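Asks: Contents of query28.csv (CSV, C-alpha atoms) are below:
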chain,number,residue,atom,x,y,z
A,1,MET,CA,18.2,3.2,-96.5
A,2,GLY,CA,16.9,1.1,-93.7
A,3,MET,CA,20.4,1.0,-92.2
A,4,LEU,CA,20.6,4.8,-92.5
A,5,SER,CA,17.3,5.4,-90.9
A,6,THR,CA,18.1,3.2,-87.9
A,7,LEU,CA,21.5,4.9,-87.6
A,8,SER,CA,19.9,8.3,-87.5
A,9,ILE,CA,17.5,7.1,-84.9
A,10,GLY,CA,20.4,5.8,-82.9
A,11,HIS,CA,22.0,9.3,-83.2
A,12,CYS,CA,18.9,11.1,-82.3
A,13,ARG,CA,18.3,9.1,-79.2
A,14,PRO,CA,20.8,10.4,-76.7
A,15,PRO,CA,19.6,14.1,-76.9
A,16,SER,CA,15.9,13.1,-76.9
A,17,SER,CA,16.2,10.7,-74.0
A,18,PRO,CA,19.3,11.2,-72.0
A,19,SER,CA,18.1,8.9,-69.3
A,20,LEU,CA,18.9,5.9,-71.4
A,21,PRO,CA,22.6,5.8,-71.1
A,22,SER,CA,22.5,7.4,-67.7
A,23,SER,CA,20.2,4.8,-66.4
A,24,LEU,CA,22.9,2.2,-66.9
A,25,SER,CA,25.7,4.3,-65.6
A,26,SER,CA,23.8,5.8,-62.8
A,27,SER,CA,25.4,6.7,-59.5
A,28,PHE,CA,24.2,3.5,-58.0
A,29,LEU,CA,26.3,1.6,-60.4
A,30,LEU,CA,29.2,3.9,-60.5
A,31,ARG,CA,29.9,3.9,-56.8
A,32,PRO,CA,30.2,0.1,-56.5
A,33,THR,CA,32.4,-0.2,-59.5
A,34,ALA,CA,35.0,2.2,-58.3
A,35,PRO,CA,36.4,0.1,-55.5
A,36,ARG,CA,36.4,-2.9,-57.7
A,37,LEU,CA,38.6,-1.1,-60.2
A,38,SER,CA,41.0,-0.1,-57.5
A,39,LEU,CA,41.2,-3.7,-56.4
A,40,ARG,CA,42.4,-4.7,-59.9
A,41,ILE,CA,44.9,-2.0,-60.7
A,42,PRO,CA,47.2,-2.2,-57.7
A,43,ALA,CA,48.0,-5.9,-57.5
A,44,ALA,CA,50.6,-5.9,-54.7
A,45,PRO,CA,49.0,-4.0,-51.8
A,46,ARG,CA,45.9,-6.1,-51.1
A,47,GLN,CA,45.1,-5.0,-47.6
A,48,ARG,CA,44.2,-1.4,-48.2
A,49,PRO,CA,41.7,-1.7,-51.1
A,50,ALA,CA,39.9,-4.3,-49.1
A,51,ALA,CA,39.5,-1.9,-46.2
A,52,ARG,CA,38.4,0.8,-48.5
A,53,ARG,CA,35.9,-1.5,-50.0
A,54,GLY,CA,34.5,-2.3,-46.6
A,55,LEU,CA,34.0,1.3,-45.9
A,56,ALA,CA,32.2,1.9,-49.2
A,57,VAL,CA,29.8,-1.0,-48.5
A,58,THR,CA,28.6,0.5,-45.3
A,59,MET,CA,28.2,3.9,-46.9
A,60,SER,CA,25.7,2.9,-49.5
A,61,MET,CA,24.0,-0.1,-48.0
A,62,GLU,CA,20.2,-0.1,-48.1
A,63,ALA,CA,18.1,-1.1,-45.2
A,64,GLY,CA,16.2,-3.5,-47.4
A,65,ILE,CA,15.0,-4.1,-50.8
A,66,GLY,CA,13.1,-1.2,-52.4
A,67,VAL,CA,11.1,-0.6,-55.5
A,68,MET,CA,10.9,2.1,-58.2
A,69,GLY,CA,7.7,4.1,-58.8
A,70,THR,CA,6.2,7.0,-60.7
A,71,LYS,CA,5.0,10.1,-59.0
A,72,LEU,CA,1.4,10.8,-59.8
A,73,GLY,CA,0.7,13.9,-57.8
A,74,MET,CA,-0.5,15.1,-54.4
A,75,MET,CA,-3.8,15.1,-52.7
A,76,SER,CA,-5.2,15.2,-49.2
A,77,TYR,CA,-6.1,12.0,-47.4
A,78,PHE,CA,-8.7,11.8,-44.7
A,79,GLU,CA,-7.8,9.5,-41.9
A,80,PRO,CA,-10.7,7.6,-40.2
A,81,ASN,CA,-10.5,10.0,-37.2
A,82,GLY,CA,-10.9,13.0,-39.5
A,83,THR,CA,-7.3,14.2,-39.7
A,84,VAL,CA,-6.3,15.5,-43.1
A,85,VAL,CA,-2.9,14.3,-44.2
A,86,PRO,CA,-1.1,15.7,-47.3
A,87,VAL,CA,0.0,12.7,-49.3
A,88,THR,CA,1.9,12.1,-52.5
A,89,VAL,CA,0.4,9.4,-54.7
A,90,VAL,CA,3.0,7.1,-56.2
A,91,GLY,CA,1.9,4.7,-58.9
A,92,PHE,CA,3.7,1.7,-60.3
A,93,ARG,CA,4.0,0.8,-64.0
A,94,GLU,CA,4.9,-2.6,-65.2
A,95,GLY,CA,8.3,-3.6,-63.9
A,96,ASN,CA,10.1,-3.9,-60.6
A,97,ILE,CA,11.6,-7.2,-61.7
A,98,VAL,CA,14.9,-8.5,-60.4
A,99,THR,CA,17.3,-8.6,-63.3
A,100,GLN,CA,20.6,-9.6,-61.5
A,101,VAL,CA,21.7,-10.8,-58.1
A,102,LYS,CA,25.2,-9.7,-57.4
A,103,THR,CA,27.1,-11.6,-54.7
A,104,GLN,CA,30.3,-11.1,-52.8
A,105,ALA,CA,31.9,-14.0,-54.8
A,106,THR,CA,31.1,-12.8,-58.3
A,107,ASP,CA,31.0,-9.0,-58.0
A,108,GLY,CA,32.7,-8.1,-54.7
A,109,TYR,CA,29.5,-6.9,-53.0
A,110,ASP,CA,25.9,-8.0,-52.4
A,111,ALA,CA,23.2,-6.3,-54.4
A,112,VAL,CA,20.0,-6.8,-56.1
A,113,GLN,CA,19.5,-5.1,-59.5
A,114,VAL,CA,15.9,-4.1,-60.2
A,115,ALA,CA,14.4,-2.9,-63.5
A,116,TYR,CA,11.4,-0.8,-64.0
A,117,ARG,CA,9.0,0.5,-66.7
A,118,ARG,CA,8.4,-1.7,-69.6
A,119,VAL,CA,9.2,-0.3,-73.0
A,120,ARG,CA,9.2,-1.5,-76.6
A,121,ASP,CA,12.3,-3.5,-77.3
A,122,ARG,CA,13.4,-1.2,-80.1
A,123,LYS,CA,13.7,1.5,-77.5
A,124,LEU,CA,16.7,-0.2,-75.9
A,125,THR,CA,20.1,-0.9,-77.2
A,126,LYS,CA,21.2,-4.5,-77.9
A,127,PRO,CA,23.5,-4.7,-74.9
A,128,GLU,CA,20.7,-3.5,-72.6
A,129,LEU,CA,18.3,-6.0,-74.2
A,130,GLY,CA,20.8,-8.8,-73.9
A,131,HIS,CA,21.4,-8.0,-70.2
A,132,LEU,CA,17.6,-8.2,-69.6
A,133,GLN,CA,17.2,-11.3,-71.7
A,134,LYS,CA,19.9,-13.0,-69.6
A,135,ALA,CA,17.6,-12.7,-66.7
A,136,GLY,CA,14.6,-13.7,-68.8
A,137,ALA,CA,13.0,-10.4,-68.1
A,138,ILE,CA,10.9,-8.1,-70.4
A,139,PRO,CA,12.5,-5.0,-71.9
A,140,MET,CA,12.6,-2.2,-69.3
A,141,ARG,CA,13.9,1.3,-69.2
A,142,HIS,CA,15.4,1.9,-65.8
A,143,LEU,CA,17.9,-0.3,-63.9
A,144,GLN,CA,18.9,0.4,-60.3
A,145,GLU,CA,20.7,-1.5,-57.6
A,146,PHE,CA,19.9,-2.0,-54.0
A,147,ARG,CA,22.9,-3.0,-51.9
A,148,LEU,CA,21.8,-5.4,-49.2
A,149,GLN,CA,23.3,-7.2,-46.3
A,150,SER,CA,22.3,-10.5,-47.8
A,151,VAL,CA,20.7,-11.3,-51.1
A,152,GLU,CA,19.2,-14.6,-50.1
A,153,GLY,CA,15.7,-15.3,-51.5
A,154,PHE,CA,16.2,-13.1,-54.6
A,155,GLU,CA,16.5,-14.7,-58.0
A,156,PRO,CA,16.5,-13.2,-61.5
A,157,ASN,CA,13.1,-12.5,-63.1
A,158,GLN,CA,11.4,-12.3,-59.7
A,159,ARG,CA,8.7,-9.8,-59.5
A,160,LEU,CA,8.7,-7.5,-56.5
A,161,VAL,CA,5.2,-6.8,-55.2
A,162,VAL,CA,4.8,-3.5,-53.5
A,163,ASP,CA,2.5,-4.5,-50.8
A,164,GLU,CA,4.8,-7.4,-49.9
A,165,VAL,CA,7.8,-5.1,-49.7
A,166,PHE,CA,6.1,-2.3,-47.7
A,167,LYS,CA,3.2,-2.1,-45.4
A,168,GLU,CA,1.1,0.8,-44.1
A,169,GLY,CA,2.9,2.8,-41.4
A,170,ASP,CA,6.4,2.0,-42.7
A,171,LEU,CA,9.0,4.7,-42.9
A,172,VAL,CA,10.6,5.0,-46.4
A,173,ASP,CA,13.3,7.0,-48.0
A,174,VAL,CA,12.2,8.4,-51.4
A,175,SER,CA,14.8,9.7,-53.9
A,176,GLY,CA,14.4,11.2,-57.3
A,177,THR,CA,15.4,14.1,-59.5
A,178,THR,CA,14.2,17.5,-58.3
A,179,ILE,CA,12.5,20.0,-60.5
A,180,GLY,CA,15.1,22.0,-62.4
A,181,LYS,CA,15.0,25.7,-61.5
A,182,GLY,CA,17.7,27.0,-64.0
A,183,PHE,CA,20.3,29.6,-63.0
A,184,GLN,CA,19.2,31.1,-59.7
A,185,GLY,CA,20.6,33.7,-57.4
A,186,GLY,CA,22.0,33.2,-53.9
A,187,ILE,CA,18.7,34.1,-52.2
A,188,LYS,CA,16.6,31.4,-53.8
A,189,ARG,CA,19.4,28.9,-54.1
A,190,HIS,CA,21.1,29.1,-50.7
A,191,HIS,CA,18.6,31.1,-48.6
A,192,PHE,CA,20.8,34.2,-48.4
A,193,LYS,CA,19.5,37.3,-46.8
A,194,ARG,CA,18.3,40.1,-49.0
A,195,GLY,CA,19.7,43.7,-48.8
A,196,LEU,CA,17.7,46.8,-48.4
A,197,MET,CA,15.5,47.5,-51.3
A,198,THR,CA,15.2,51.3,-50.6
A,199,HIS,CA,16.9,54.0,-48.6
A,200,GLY,CA,19.6,54.4,-51.1
A,201,SER,CA,20.7,50.8,-50.9
A,202,LYS,CA,22.3,49.4,-54.1
A,203,SER,CA,22.6,45.9,-52.7
A,204,HIS,CA,19.1,44.5,-53.4
A,205,ARG,CA,19.6,40.8,-54.0
A,206,GLN,CA,23.3,40.7,-54.2
A,207,LEU,CA,25.6,38.1,-52.6
A,208,GLY,CA,27.6,40.3,-50.2
A,209,SER,CA,31.2,39.4,-49.4
A,210,ILE,CA,32.7,36.3,-50.7
A,211,GLY,CA,35.7,36.2,-48.5
A,212,ALA,CA,38.6,38.0,-47.0
A,213,GLY,CA,41.2,40.1,-48.9
A,214,THR,CA,44.9,39.5,-49.6
A,215,THR,CA,45.4,36.8,-47.0
A,216,PRO,CA,43.8,34.0,-48.7
A,217,GLY,CA,44.0,35.9,-52.0
A,218,ARG,CA,41.3,33.6,-53.5
A,219,VAL,CA,37.8,32.5,-53.0
A,220,TYR,CA,37.4,29.3,-51.0
A,221,LYS,CA,36.2,26.3,-52.9
A,222,GLY,CA,32.6,25.4,-52.3
A,223,LYS,CA,31.6,29.0,-51.6
A,224,LYS,CA,27.9,29.3,-52.0
A,225,MET,CA,27.1,31.3,-55.1
A,226,PRO,CA,24.5,31.7,-57.8
A,227,GLY,CA,24.2,28.9,-60.3
A,228,ARG,CA,22.2,26.0,-61.6
A,229,MET,CA,19.6,24.9,-59.1
A,230,GLY,CA,17.5,21.8,-59.0
A,231,GLY,CA,17.6,18.9,-61.5
A,232,THR,CA,19.7,16.9,-59.1
A,233,LYS,CA,19.1,13.7,-57.2
A,234,ARG,CA,17.6,14.3,-53.8
A,235,LYS,CA,16.6,11.9,-51.1
A,236,ILE,CA,13.7,12.7,-48.8
A,237,ARG,CA,14.2,10.6,-45.6
A,238,LYS,CA,11.8,8.9,-43.3
A,239,LEU,CA,8.4,9.5,-45.0
A,240,LYS,CA,5.5,7.5,-43.7
A,241,ILE,CA,3.4,5.2,-45.9
A,242,VAL,CA,-0.1,6.3,-45.2
A,243,LYS,CA,-2.0,3.9,-47.4
A,244,ILE,CA,-1.4,1.1,-49.9
A,245,ASP,CA,-4.2,0.6,-52.5
A,246,ARG,CA,-4.0,-2.8,-54.1
A,247,ASP,CA,-6.7,-2.2,-56.6
A,248,LEU,CA,-5.3,1.0,-58.0
A,249,ASN,CA,-1.8,-0.2,-57.4
A,250,VAL,CA,-0.7,3.0,-55.8
A,251,VAL,CA,1.0,4.0,-52.5
A,252,MET,CA,0.3,7.1,-50.6
A,253,ILE,CA,3.3,8.6,-48.9
A,254,LYS,CA,2.9,11.5,-46.4
A,255,GLY,CA,4.6,14.6,-47.5
A,256,ALA,CA,6.2,15.8,-50.7
A,257,VAL,CA,8.7,13.9,-52.9
A,258,PRO,CA,11.1,15.2,-55.5
A,259,GLY,CA,10.0,16.1,-59.0
A,260,LYS,CA,6.9,16.6,-60.9
A,261,PRO,CA,4.1,14.1,-61.7
A,262,GLY,CA,5.7,11.4,-63.9
A,263,ASN,CA,9.0,11.5,-62.2
A,264,LEU,CA,10.9,8.3,-61.5
A,265,LEU,CA,11.2,7.6,-57.8
A,266,ARG,CA,13.2,5.1,-55.8
A,267,ILE,CA,11.5,4.0,-52.7
A,268,ALA,CA,13.5,2.1,-50.1
A,269,PRO,CA,13.0,1.4,-46.4
A,270,ALA,CA,14.2,4.3,-44.3
A,271,LYS,CA,17.8,4.0,-43.2
A,272,ILE,CA,18.0,4.4,-39.4
A,273,VAL,CA,21.5,3.8,-38.0
A,274,GLY,CA,21.4,1.5,-35.0
A,275,LYS,CA,18.0,0.1,-36.0
A,276,ASN,CA,18.4,-1.4,-39.5
A,277,ILE,CA,21.8,-0.1,-40.4
A,278,PRO,CA,24.7,-1.3,-38.2
A,279,LYS,CA,26.8,1.3,-36.4
A,280,SER,CA,30.3,1.3,-37.8
B,1,MET,CA,-23.8,14.4,-49.4
B,2,PRO,CA,-26.3,17.2,-50.3
B,3,ASN,CA,-25.2,20.0,-52.5
B,4,ILE,CA,-24.3,22.8,-50.2
B,5,LYS,CA,-24.4,26.4,-51.4
B,6,PRO,CA,-24.2,29.8,-49.8
B,7,GLY,CA,-27.5,30.8,-48.4
B,8,TYR,CA,-28.5,27.3,-47.3
B,9,ILE,CA,-29.5,26.8,-43.7
B,10,VAL,CA,-28.2,23.5,-42.6
B,11,ARG,CA,-28.3,21.3,-39.6
B,12,MET,CA,-25.3,19.0,-39.2
B,13,LYS,CA,-24.1,16.4,-36.9
B,14,VAL,CA,-20.4,16.6,-36.3
B,15,GLU,CA,-18.0,14.4,-34.4
B,16,VAL,CA,-15.7,16.5,-32.3
B,17,PRO,CA,-12.3,14.7,-31.8
B,18,GLU,CA,-11.3,17.3,-29.1
B,19,ASN,CA,-14.5,16.5,-27.1
B,20,LYS,CA,-14.0,12.7,-26.8
B,21,ARG,CA,-15.6,12.1,-30.2
B,22,ARG,CA,-19.0,13.2,-29.1
B,23,LEU,CA,-21.6,14.0,-31.7
B,24,SER,CA,-22.7,17.6,-31.6
B,25,THR,CA,-25.5,19.1,-33.6
B,26,LEU,CA,-25.1,22.6,-35.0
B,27,GLU,CA,-27.4,24.7,-37.2
B,28,GLY,CA,-26.3,27.7,-39.2
B,29,ILE,CA,-26.3,29.4,-42.5
B,30,VAL,CA,-23.6,28.6,-45.1
B,31,ILE,CA,-21.9,31.8,-45.9
B,32,ALA,CA,-19.1,30.6,-48.2
B,33,ARG,CA,-18.0,27.6,-50.1
B,34,ARG,CA,-14.5,27.0,-51.5
B,35,ASN,CA,-14.3,24.6,-54.3
B,36,ALA,CA,-11.0,22.7,-54.4
B,37,GLY,CA,-11.8,19.2,-55.3
B,38,LEU,CA,-11.3,16.9,-52.3
B,39,ASN,CA,-10.1,19.9,-50.2
B,40,SER,CA,-13.4,21.7,-50.7
B,41,THR,CA,-14.6,23.5,-47.6
B,42,PHE,CA,-17.7,25.4,-46.5
B,43,ARG,CA,-18.1,28.1,-43.8
B,44,ILE,CA,-21.1,28.1,-41.4
B,45,ARG,CA,-22.2,31.1,-39.4
B,46,ARG,CA,-24.5,30.7,-36.4
B,47,LEU,CA,-25.3,32.5,-33.2
B,48,VAL,CA,-24.3,31.0,-29.9
B,49,ALA,CA,-25.4,32.9,-26.8
B,50,GLY,CA,-25.8,36.1,-28.8
B,51,VAL,CA,-22.3,35.8,-30.3
B,52,GLY,CA,-21.7,35.1,-33.9
B,53,ILE,CA,-19.6,31.9,-34.5
B,54,GLU,CA,-18.1,30.9,-37.8
B,55,SER,CA,-16.8,27.5,-38.4
B,56,LEU,CA,-15.0,26.1,-41.4
B,57,PHE,CA,-15.5,22.4,-42.3
B,58,PRO,CA,-13.9,20.3,-45.0
B,59,LEU,CA,-16.8,19.2,-47.2
B,60,TYR,CA,-15.7,15.6,-47.4
B,61,SER,CA,-14.5,15.3,-43.7
B,62,PRO,CA,-15.4,11.9,-42.2
B,63,ASN,CA,-16.2,13.8,-39.0
B,64,ILE,CA,-19.4,15.2,-40.6
B,65,LYS,CA,-21.9,12.4,-40.0
B,66,GLU,CA,-25.0,14.1,-41.4
B,67,ILE,CA,-25.9,17.2,-43.2
B,68,LYS,CA,-29.6,18.2,-43.6
B,69,VAL,CA,-30.6,21.3,-45.6
B,70,LEU,CA,-33.4,23.0,-43.8
B,71,ASP,CA,-34.0,26.1,-45.9
B,72,LYS,CA,-32.7,27.7,-49.0
B,73,ARG,CA,-32.5,31.5,-48.8
B,74,LYS,CA,-32.3,33.5,-52.0
B,75,VAL,CA,-28.9,35.2,-52.1
B,76,ARG,CA,-27.1,37.3,-54.8
B,77,ARG,CA,-23.5,36.7,-53.7
B,78,ALA,CA,-21.2,33.8,-53.6
B,79,LYS,CA,-19.7,34.9,-50.3
B,80,LEU,CA,-22.1,36.2,-47.7
B,81,TYR,CA,-19.6,38.0,-45.6
B,82,TYR,CA,-21.9,41.0,-45.2
B,83,LEU,CA,-23.9,38.9,-42.7
B,84,ARG,CA,-21.2,39.5,-40.2
B,85,GLU,CA,-22.4,43.1,-39.9
B,86,ARG,CA,-26.0,41.9,-39.5
B,87,LEU,CA,-27.2,40.8,-36.1
B,88,ASN,CA,-29.1,37.6,-36.6
B,89,PRO,CA,-28.5,35.9,-39.9
B,90,LEU,CA,-31.0,33.1,-39.3
B,91,LYS,CA,-33.9,35.5,-38.8
B,92,ARG,CA,-33.4,37.9,-41.6
B,93,LYS,CA,-36.1,38.8,-44.1
Will you turn the file into structure tokens for me?
Replies:
Amino acid sequence: MGMLSTLSIGHCRPPSSPSLPSSLSSSFLLRPTAPRLSLRIPAAPRQRPAARRGLAVTMSMEAGIGVMGTKLGMMSYFEPNGTVVPVTVVGFREGNIVTQVKTQATDGYDAVQVAYRRVRDRKLTKPELGHLQKAGAIPMRHLQEFRLQSVEGFEPNQRLVVDEVFKEGDLVDVSGTTIGKGFQGGIKRHHFKRGLMTHGSKSHRQLGSIGAGTTPGRVYKGKKMPGRMGGTKRKIRKLKIVKIDRDLNVVMIKGAVPGKPGNLLRIAPAKIVGKNIPKS
Amino acid sequence: MPNIKPGYIVRMKVEVPENKRRLSTLEGIVIARRNAGLNSTFRIRRLVAGVGIESLFPLYSPNIKEIKVLDKRKVRRAKLYYLRERLNPLKRK
């Protein structure tokens, strides 16, 4: 019976918390693994995959180590000179612990893997637990990687402290899942223009033309159309850190960030090409 | 921070960032208050050189150095916008 009940829990888990498997196979992990696979499959032409790998590294390199946080909501912040700044309050739950340091020699690229949000150990699968125990870390829900130029000074089970990573006035990139809007029309989804509502018009909120006639004979791929909106990963770039509160363990970031309160956010130093990202 | 309600006549010292952060004193009647937590504001109406001036302040603005309640007029509305049609709101009744 005990076996059965645990099995049923295991079956129930994916629909109830889809973030569990996806946290492991997130896009951060997927992108780095792809070039590695291409290295292994074609054994003879070695030059080309190496060049492709070099390109991929520059594409997804972070400007520095970042942390994960939880959106708490928005408020207004009074600066000492009286200016009111709209800020998003980002809190930090237990976590932000380095779980793995990937190097060029062992993994083909340099990255620091960080885990966030402590959970009970029965909430994780055995492979996940084993991976975290290898680093000596507590059980945590979310794993993300930060690809860096050099991973010196990072070791497994090292705690990342927010006010050491960032300071007030820094610019950061904040990424997270946006609020899902469901199936939406072209006006809301792609900012199309509306048709006339009156004067005999029948094209109120319709799309309009979706292409030419016989000559292409088809609708071009990527044509903006109604469909599912929101619920995707979105990065808001170059937001300023207004205040870091050490007692409350929160960071106030100017402007809005994706998602609702409780959303998982990834905060990394802002990528500015030519300043902290080399021009390629 | 005194409790500010419509109908109160207040005298406040405000730092004006546009005017080289000088302290200016102004006196007027509170004609509206908007409760929105930290974003709460109140609206003050006063007469300057015979012209009615309304100014809106965030209640928790650090630019407001001092608020003193001089008088509490009896009012029956939450928003005293009808005072805009009256000539001198400070000397009514």
Asks: Compile the contact shell of segment 68-73 of chain B as a PyMOL selection string: residues with an atom at most 10 Å away, counting all atoms listed in the file, same-chain residues fewer than 4 positions apart removed.
Replies: chain B and resi 1-13+27-30+90+92-93
Asks: Which residue gives the smallest distance to Arg84 of chain B among B:Leu59, B:Ile67, B:Ala36, B:Val51, with only C-alpha atoms counted?
Replies: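 When distances to Arg84 of chain B are compared using only C-alpha atoms, the smallest one comes from B:Val51.
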Asks: Can you pull out every residue within 9 Å of Lys181 of chain A, counting all atoms listed in the file, but drop anything in the same chain fewer than 2 positions away, and send it as a VMD selection string?
Replies: chain A and resid 178 to 179 183 to 184 228 to 231
Asks: List every protein, DNA or RNA residue that has at least one atom no more than 7 Å from (-27.0, 35.7, -50.1) in the file's coordinates, counting all atoms listed in the file, and write the result as a list in words.
Replies: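 Applying the cut-off with all atoms listed in the file, one gets Pro6, Gly7, Lys74, Val75, Arg76, Arg77 and Leu80 of chain B.
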Asks: Quick check: residues of chain B within 7 Å of chain A, all atoms listed in the file, returned as a list in words.
Replies: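 Written out as asked, the residues are Asn39, Ser61, Pro62 and Asn63 of chain B.
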Asks: Build an axis-aligned box that encloses every atom of segment 16-19 of chain B listed in the file, pad it by 4 Å on each side, and report its centre and edge lengths in Å to one decimal, as JSON.
Replies:
{"center_x": -13.5, "center_y": 16.0, "center_z": -29.7, "size_x": 12.4, "size_y": 10.6, "size_z": 13.2}
Asks: If you measure from atom CA of Leu132 of chain A to atom CA of Arg159 of chain A, what distance in Å do you get, rounded to one decimal?
Replies: 13.6 Å
Asks: Give me, please, the distance in Å between atom CA of Tyr116 of chain A and atom CA of Gly95 of chain A, quoted to one decimal.
Replies: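 These two atoms are separated by 4.2 Å.
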Asks: In Å to one decimal, how far is atom CA of Arg189 of chain A from atom CA of Gly211 of chain A?
Replies: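 About the pair atom CA of Gly211 of chain A and atom CA of Arg189 of chain A: they are 18.7 Å apart.
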Asks: Have a look at A:Arg147, A:Lys243, A:Lys238, A:His191 and name the one nearest to Val112 of chain A; count only C-alpha atoms.
Replies: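 With only C-alpha atoms as the atom set, the closest residue is A:Arg147.
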Asks: Excluding same-chain residues fewer than 4 positions from Leu56 of chain B, what lies within 7 Å of it counting all atoms listed in the file, as a ChimeraX atom specification?
Replies: /B:41-44
Asks: Using all atoms listed in the file, which of the listed residues (B:Arg22, B:Ile53, B:Glu66, B:Ala78) sits closest to Asn35 of chain B?
Replies: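 Nearest candidate to Asn35 of chain B out of B:Arg22, B:Ile53, B:Glu66, B:Ala78: B:Ala78.
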Asks: Please provide as a PyMOL selection string all residues within 6 Å of segment 173-177 of chain A, with the sequence filter that same-chain residues fewer than 4 positions apart are discarded (counting only C-alpha atoms).
Replies: chain A and resi 231-238+258-259+265-270
Asks: In terms of the shortest atom-to-atom distance over only C-alpha atoms, which of A:Pro127, A:Gly182, A:Pro156, A:Pro278 is closest to Gln100 of chain A?
Replies: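 Looking at the shortest contact to Gln100 of chain A, the residue is A:Pro156.
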Asks: Rank B:Gly52, B:Leu38, B:Ile64, B:Phe57 by their smallest atom-to-atom distance to Leu23 of chain B, using only C-alpha atoms, and report the top residue only.
Replies: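 The closest residue to Leu23 of chain B is B:Ile64.
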Asks: If you keep C-alpha atoms, can you output segment 41-78 of chain B as a PDB file, in the first residue's frame?
Replies:
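So the final result, stored in result.pdb, reads:
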ATOM      1  CA  THR B  41      -2.481  62.259  -1.147  1.00  0.00           C
ATOM      2  CA  PHE B  42      -4.359  65.313   0.070  1.00  0.00           C
ATOM      3  CA  ARG B  43      -5.444  68.449  -1.730  1.00  0.00           C
ATOM      4  CA  ILE B  44      -5.090  71.902  -0.267  1.00  0.00           C
ATOM      5  CA  ARG B  45      -6.947  74.992  -1.473  1.00  0.00           C
ATOM      6  CA  ARG B  46      -5.816  78.483  -0.602  1.00  0.00           C
ATOM      7  CA  LEU B  47      -6.028  82.012  -1.913  1.00  0.00           C
ATOM      8  CA  VAL B  48      -2.924  83.654  -3.336  1.00  0.00           C
ATOM      9  CA  ALA B  49      -3.393  87.278  -4.435  1.00  0.00           C
ATOM     10  CA  GLY B  50      -7.118  86.735  -4.780  1.00  0.00           C
ATOM     11  CA  VAL B  51      -6.712  83.660  -6.958  1.00  0.00           C
ATOM     12  CA  GLY B  52      -7.633  80.222  -5.707  1.00  0.00           C
ATOM     13  CA  ILE B  53      -4.703  77.784  -5.791  1.00  0.00           C
ATOM     14  CA  GLU B  54      -5.045  74.057  -5.307  1.00  0.00           C
ATOM     15  CA  SER B  55      -2.035  71.901  -4.636  1.00  0.00           C
ATOM     16  CA  LEU B  56      -1.816  68.154  -4.268  1.00  0.00           C
ATOM     17  CA  PHE B  57       0.707  66.575  -1.896  1.00  0.00           C
ATOM     18  CA  PRO B  58       1.648  62.987  -1.176  1.00  0.00           C
ATOM     19  CA  LEU B  59       0.830  62.508   2.490  1.00  0.00           C
ATOM     20  CA  TYR B  60       4.096  60.728   3.253  1.00  0.00           C
ATOM     21  CA  SER B  61       6.334  62.909   1.096  1.00  0.00           C
ATOM     22  CA  PRO B  62       9.666  63.684   2.746  1.00  0.00           C
ATOM     23  CA  ASN B  63       9.363  67.203   1.325  1.00  0.00           C
ATOM     24  CA  ILE B  64       6.670  68.016   3.862  1.00  0.00           C
ATOM     25  CA  LYS B  65       8.629  69.055   6.907  1.00  0.00           C
ATOM     26  CA  GLU B  66       5.790  70.040   9.200  1.00  0.00           C
ATOM     27  CA  ILE B  67       2.022  69.999   9.229  1.00  0.00           C
ATOM     28  CA  LYS B  68       0.050  71.873  11.868  1.00  0.00           C
ATOM     29  CA  VAL B  69      -3.734  71.685  12.121  1.00  0.00           C
ATOM     30  CA  LEU B  70      -5.033  75.168  12.886  1.00  0.00           C
ATOM     31  CA  ASP B  71      -8.761  74.607  12.763  1.00  0.00           C
ATOM     32  CA  LYS B  72     -11.284  71.876  12.164  1.00  0.00           C
ATOM     33  CA  ARG B  73     -14.301  73.030  10.189  1.00  0.00           C
ATOM     34  CA  LYS B  74     -17.457  70.976  10.288  1.00  0.00           C
ATOM     35  CA  VAL B  75     -18.077  69.494   6.857  1.00  0.00           C
ATOM     36  CA  ARG B  76     -20.658  67.089   5.504  1.00  0.00           C
ATOM     37  CA  ARG B  77     -18.801  65.865   2.426  1.00  0.00           C
ATOM     38  CA  ALA B  78     -15.632  63.892   1.849  1.00  0.00           C
TER      39      ALA B  78
END
